[in-house]
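Text of the file structure_24.txt, holding compact mmCIF, C-alpha atoms and all ligand atoms:
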# COMPACT_ATOMS: atom_id res chain seq x y z
CA MET Y 28 0.00 0.00 0.00
CA VAL Y 29 1.36 3.43 -0.93
CA LYS Y 30 1.80 5.61 2.16
CA LEU Y 31 0.87 9.22 1.56
CA ALA Y 32 1.48 12.01 4.04
CA THR Y 33 -0.98 12.79 6.82
CA GLY Y 34 -0.60 14.06 10.37
CA GLN Y 35 -1.63 16.45 13.09
CA ILE Y 36 0.63 19.08 14.66
CA PRO Y 37 -0.70 20.27 18.05
CA ASN Y 38 -1.11 24.01 18.66
CA PHE Y 39 0.48 25.07 15.37
CA PHE Y 40 -1.35 28.40 15.54
CA SER Y 41 -2.49 30.14 18.74
CA VAL Y 42 -6.24 30.25 19.30
CA ASP Y 43 -6.05 34.08 19.03
CA LYS Y 44 -4.40 33.72 15.63
CA VAL Y 45 -7.07 31.31 14.37
CA GLN Y 46 -9.72 33.66 15.69
CA SER Y 47 -8.16 36.49 13.64
CA PHE Y 48 -8.21 34.27 10.53
CA VAL Y 49 -11.86 33.42 11.16
CA LYS Y 50 -12.75 37.09 11.66
CA ASN Y 51 -10.97 38.20 8.48
CA PHE Y 52 -12.25 35.36 6.29
CA ALA Y 53 -15.82 35.69 7.61
CA ARG Y 54 -15.94 39.22 6.15
CA LEU Y 55 -15.49 37.83 2.64
CA ASN Y 56 -18.33 36.95 0.34
CA SER Y 57 -19.36 33.37 0.90
CA HIS Y 58 -20.48 30.59 -1.34
CA THR Y 59 -23.11 28.23 0.06
CA ASN Y 60 -23.22 24.77 -1.48
CA SER Y 61 -26.24 22.56 -2.10
CA VAL Y 62 -26.19 21.06 1.42
CA GLY Y 63 -25.85 24.43 3.16
CA ASN Y 64 -22.14 24.59 3.97
CA HIS Y 65 -20.66 28.09 3.77
CA TYR Y 66 -17.25 28.70 2.18
CA HIS Y 67 -15.54 32.10 2.54
CA GLY Y 68 -12.59 31.72 0.17
CA ILE Y 69 -9.43 33.40 -1.08
CA GLY Y 70 -7.41 32.35 -4.14
CA PRO Y 71 -4.15 33.71 -5.59
CA ASP Y 72 -6.04 36.45 -7.50
CA HIS Y 73 -7.83 37.79 -4.44
CA LEU Y 74 -7.01 41.14 -2.82
CA GLY Y 75 -6.53 39.32 0.50
CA TYR Y 76 -3.98 36.90 -0.96
CA LEU Y 77 -0.93 38.65 0.54
CA PHE Y 78 -2.48 38.49 4.01
CA VAL Y 79 -3.16 34.78 3.57
CA LYS Y 80 0.31 34.11 2.20
CA LYS Y 81 2.12 35.93 5.00
CA GLN Y 82 -0.01 34.96 7.97
CA LEU Y 83 -1.30 31.51 7.07
CA LEU Y 84 0.54 29.85 4.17
CA ASN Y 85 4.15 30.88 4.83
CA PRO Y 86 4.29 29.57 8.44
CA ILE Y 87 3.07 26.19 7.12
CA LEU Y 88 5.53 26.11 4.20
CA ASP Y 89 8.40 27.20 6.48
CA TYR Y 90 7.58 24.32 8.85
CA PHE Y 91 7.68 21.77 6.02
CA ASN Y 92 10.64 23.59 4.40
CA ILE Y 93 9.04 23.52 0.97
CA THR Y 94 8.03 25.97 -1.74
CA ALA Y 95 4.38 25.37 -2.61
CA GLU Y 96 1.62 27.58 -3.94
CA LEU Y 97 -1.90 28.33 -2.83
CA VAL Y 98 -4.80 26.71 -4.67
CA PHE Y 99 -7.24 28.46 -2.35
CA ALA Y 100 -7.91 28.91 1.34
CA PHE Y 101 -11.26 29.33 3.05
CA TYR Y 102 -13.15 29.65 6.26
CA LEU Y 103 -15.57 26.73 6.43
CA ASP Y 104 -18.81 27.04 8.36
CA CYS Y 105 -20.07 23.50 8.00
CA VAL Y 106 -23.64 22.40 8.83
CA ALA Y 107 -23.72 19.14 6.87
CA PRO Y 108 -21.02 16.52 7.64
CA ILE Y 109 -19.03 15.78 4.51
CA GLY Y 110 -18.60 12.23 3.16
CA PRO Y 111 -15.44 10.66 1.73
CA HIS Y 112 -13.79 12.74 -1.00
CA CYS Y 113 -10.37 13.84 -2.30
CA ASP Y 114 -9.35 17.51 -2.68
CA MET Y 115 -8.52 17.37 -6.37
CA HIS Y 116 -9.56 20.91 -7.23
CA GLN Y 117 -8.54 22.69 -10.38
CA LEU Y 118 -5.08 24.22 -9.98
CA PRO Y 119 -4.45 27.92 -10.74
CA GLY Y 120 -1.43 27.01 -12.90
CA PRO Y 121 0.67 24.07 -14.13
CA GLY Y 122 1.69 21.74 -11.32
CA GLU Y 123 0.55 18.93 -9.06
CA HIS Y 124 -1.52 18.77 -5.91
CA TRP Y 125 0.47 18.79 -2.69
CA ARG Y 126 -1.23 18.91 0.69
CA SER Y 127 -4.44 20.12 2.24
CA PHE Y 128 -4.40 21.67 5.70
CA LEU Y 129 -7.22 22.11 8.17
CA ILE Y 130 -7.00 24.32 11.24
CA PRO Y 131 -9.91 23.56 13.59
CA TYR Y 132 -11.57 26.44 15.38
CA SER Y 133 -14.93 25.56 16.93
CA VAL Y 134 -18.12 23.52 17.08
CA ASP Y 135 -21.34 25.53 17.29
CA ASN Y 136 -19.02 28.59 17.25
CA GLN Y 137 -17.53 27.62 20.62
CA THR Y 138 -13.86 26.69 20.87
CA SER Y 139 -14.58 24.67 24.03
CA LEU Y 140 -16.75 22.26 21.98
CA CYS Y 141 -14.17 21.83 19.20
CA GLY Y 142 -13.26 18.26 20.26
CA TYR Y 143 -16.68 16.95 19.21
CA ALA Y 144 -15.61 17.30 15.57
CA SER Y 145 -12.97 15.27 13.77
CA THR Y 146 -11.53 14.80 10.31
CA ALA Y 147 -10.89 11.18 9.39
CA VAL Y 148 -8.14 10.54 6.85
CA LEU Y 149 -8.51 7.30 4.88
CA HIS Y 150 -6.03 5.04 3.05
CA GLN Y 151 -7.70 5.28 -0.38
CA TRP Y 152 -6.49 7.93 -2.80
CA GLY Y 153 -6.64 9.26 -6.32
CA TYR Y 154 -9.75 7.32 -7.41
CA SER Y 155 -12.11 8.85 -9.92
CA ALA Y 156 -15.43 7.42 -8.66
CA ILE Y 157 -16.31 5.80 -5.32
CA GLU Y 158 -18.34 3.13 -7.14
CA ASP Y 159 -15.15 1.93 -8.83
CA LEU Y 160 -13.46 1.10 -5.49
CA PRO Y 161 -13.60 -2.54 -4.33
CA ASP Y 162 -15.36 -3.56 -1.12
CA LEU Y 163 -12.83 -4.13 1.68
CA ASP Y 164 -12.78 -6.66 4.53
CA THR Y 165 -11.24 -4.04 6.83
CA ASN Y 166 -13.44 -1.02 6.31
CA LEU Y 167 -15.31 1.81 8.06
CA LEU Y 168 -18.32 -0.26 9.18
CA PRO Y 169 -17.05 -0.76 12.77
CA TYR Y 170 -16.87 3.05 13.12
CA GLN Y 171 -20.09 3.86 11.32
CA ALA Y 172 -22.43 4.11 14.32
CA ASP Y 173 -20.10 6.32 16.36
CA LEU Y 174 -18.43 8.47 13.68
CA PHE Y 175 -19.87 8.05 10.21
CA SER Y 176 -23.63 7.59 10.47
CA HIS Y 177 -23.98 10.15 7.63
CA VAL Y 178 -22.25 7.68 5.26
CA SER Y 179 -24.09 4.71 3.76
CA GLN Y 180 -23.00 1.13 4.49
CA ASP Y 181 -22.16 0.62 0.83
CA VAL Y 182 -19.74 3.57 0.89
CA CYS Y 183 -18.29 2.59 4.30
CA LYS Y 184 -17.26 -0.76 2.77
CA LYS Y 185 -15.04 1.01 0.19
CA PHE Y 186 -12.72 2.80 2.63
CA SER Y 187 -10.37 2.04 5.52
CA LEU Y 188 -9.36 4.39 8.33
CA CYS Y 189 -5.84 5.79 8.50
CA HIS Y 190 -6.22 8.48 11.20
CA ASN Y 191 -9.20 10.08 12.92
CA ALA Y 192 -7.90 13.56 13.77
CA ILE Y 193 -9.89 14.93 16.72
CA TRP Y 194 -10.29 18.67 16.35
CA HIS Y 195 -8.46 20.98 18.74
CA PRO Y 196 -8.33 24.75 18.14
CA GLY Y 197 -5.10 25.81 16.43
CA ASP Y 198 -3.86 22.31 15.53
CA LEU Y 199 -2.69 21.75 11.97
CA ILE Y 200 -4.27 18.63 10.46
CA TYR Y 201 -2.86 17.74 7.05
CA TRP Y 202 -3.09 15.12 4.34
CA ASP Y 203 -1.92 14.61 0.81
CA SER Y 204 -4.66 16.28 -1.26
CA LYS Y 205 -5.10 12.99 -3.18
CA LEU Y 206 -6.02 11.10 0.01
CA ALA Y 207 -9.69 10.51 0.77
CA HIS Y 208 -11.01 12.02 4.01
CA LEU Y 209 -14.34 12.88 5.64
CA SER Y 210 -16.03 14.59 8.58
CA ASN Y 211 -17.29 12.76 11.61
CA ASN Y 212 -21.03 13.12 12.10
CA PHE Y 213 -21.00 15.96 14.65
CA LYS Y 214 -24.74 16.37 14.04
CA GLY Y 215 -25.30 12.87 15.40
CA LYS Y 216 -23.83 14.13 18.70
CA GLY Y 217 -26.42 16.92 18.78
CA PHE Y 218 -24.37 19.79 17.36
CA ILE Y 219 -25.40 22.11 14.55
CA SER Y 220 -22.20 23.35 12.92
CA LYS Y 221 -18.42 23.37 12.97
CA GLN Y 222 -15.89 25.98 11.92
CA ALA Y 223 -12.35 25.69 10.53
CA ILE Y 224 -9.81 27.25 8.20
CA VAL Y 225 -8.80 25.07 5.23
CA VAL Y 226 -5.83 25.58 2.89
CA HIS Y 227 -5.18 23.65 -0.35
CA THR Y 228 -1.71 23.80 -1.89
CA TYR Y 229 0.14 22.62 -5.00
CA LEU Y 230 3.67 22.32 -6.33
CA SER Y 231 4.04 24.46 -9.45
CA HIS Y 232 6.08 23.23 -12.42
FE FE I 1 -11.65 17.93 1.68
Starting from the file, lay out its structure as structure tokens.
Ligand SMILES: [Fe+2]
Amino acid sequence: MVKLATGQIPNFFSVDKVQSFVKNFARLNSHTNSVGNHYHGIGPDHLGYLFVKKQLLNPILDYFNITAELVFAFYLDCVAPIGPHCDMHQLPGPGEHWRSFLIPYSVDNQTSLCGYASTAVLHQWGYSAIEDLPDLDTNLLPYQADLFSHVSQDVCKKFSLCHNAIWHPGDLIYWDSKLAHLSNNFKGKGFISKQAIVVHTYLSH
């Protein structure tokens, strides 16, 4: 099995710093998708790009000692738990996907509740359609009731768990953008929403 990068760095940003990101991003126009999740985003062409590069992207790239570029970054206000997917978004220029980063902030807009959310990183990667993946003997079904009740049994059978990253404000959760990942079902625990900053990056050619 190919091992792609994933991990969680505790307290990468201070909670005050994440709060300032949330405040600044929340002022931007937002896009609401079909299930009601709000995305307040900034790409390389945006007026706020230099702020994002200096305050958010550069500290991450310095840590990993790599030169990578921003695909886009956004403040996510999520009301519908997200199922398994890869972050293969269109790149702003020639290159290849690198990593996606998630900085947890809050659940129901309260940092003290943040630990009720998690991002689960899976072993499967780079597939074009979930239906094409084989059913696995070791799969997500044992976790379905507790974590993934928003995902059907049929889909749970296609994936295996690499790392369930419990949210903590200011941590840096990351994965290779080609790796599948999903939300836990925070709604099943009685919560309404969760908030985080997300950054997608690529290596330009
Ligand atoms: Fe994602």
Collect all residues with atoms no farther than 8 Å from ligand FE 1 (chain I), counting all atoms listed in the file, and output them as a compact mmCIF listing (two decimals) with C-alpha atoms, keeping the file's coordinate frame.
# COMPACT_ATOMS: atom_id res chain seq x y z
CA HIS Y 112 -13.79 12.74 -1.00
CA CYS Y 113 -10.37 13.84 -2.30
CA ASP Y 114 -9.35 17.51 -2.68
CA SER Y 127 -4.44 20.12 2.24
CA SER Y 204 -4.66 16.28 -1.26
CA ALA Y 207 -9.69 10.51 0.77
CA HIS Y 208 -11.01 12.02 4.01
CA LEU Y 209 -14.34 12.88 5.64
Length of the atom CA of Y:Phe99 to atom CA of Y:Pro119 vector [Å]: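 Result for atom CA of Y:Phe99 versus atom CA of Y:Pro119: 8.9 Å, one decimal.
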Any idea what the distance is between atom CA of Y:Leu160 and atom CA of Y:Phe101? 29.6 Å
Selected residue, from Y:Pro86, Y:Gly34, Y:Pro108, Y:Gly68, that lies nearest to Y:Phe175 when counting all atoms listed in the file: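 Using all atoms listed in the file, Y:Phe175 sits closest to Y:Pro108.
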Give me the residues within 12 Å of Y:Lys50 as a PyMOL selection string, counting all atoms listed in the file and dropping any in the same chain fewer than 3 places off. chain Y and resi 43-47+53-55+67+101-103+132+136+222-224
What would the file look like if the residues just selected were written as a compact mmCIF listing (two decimals), keeping the file's coordinate frame with C-alpha atoms?
# COMPACT_ATOMS: atom_id res chain seq x y z
CA ASP Y 43 -6.05 34.08 19.03
CA LYS Y 44 -4.40 33.72 15.63
CA VAL Y 45 -7.07 31.31 14.37
CA GLN Y 46 -9.72 33.66 15.69
CA SER Y 47 -8.16 36.49 13.64
CA ALA Y 53 -15.82 35.69 7.61
CA ARG Y 54 -15.94 39.22 6.15
CA LEU Y 55 -15.49 37.83 2.64
CA HIS Y 67 -15.54 32.10 2.54
CA PHE Y 101 -11.26 29.33 3.05
CA TYR Y 102 -13.15 29.65 6.26
CA LEU Y 103 -15.57 26.73 6.43
CA TYR Y 132 -11.57 26.44 15.38
CA ASN Y 136 -19.02 28.59 17.25
CA GLN Y 222 -15.89 25.98 11.92
CA ALA Y 223 -12.35 25.69 10.53
CA ILE Y 224 -9.81 27.25 8.20
Of the candidates Y:Val98, Y:Ala32, Y:Met115, Y:Cys141, which shows the shortest atom-to-atom distance to Y:Ser155, using only C-alpha atoms?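 The closest residue to Y:Ser155 is Y:Met115.
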I want to know what sits within 8 Å of Y:Cys105, based on all atoms listed in the file, with residues of the same chain fewer than 5 positions away left out; could you give that as a PyMOL selection string? chain Y and resi 63-65+220-222
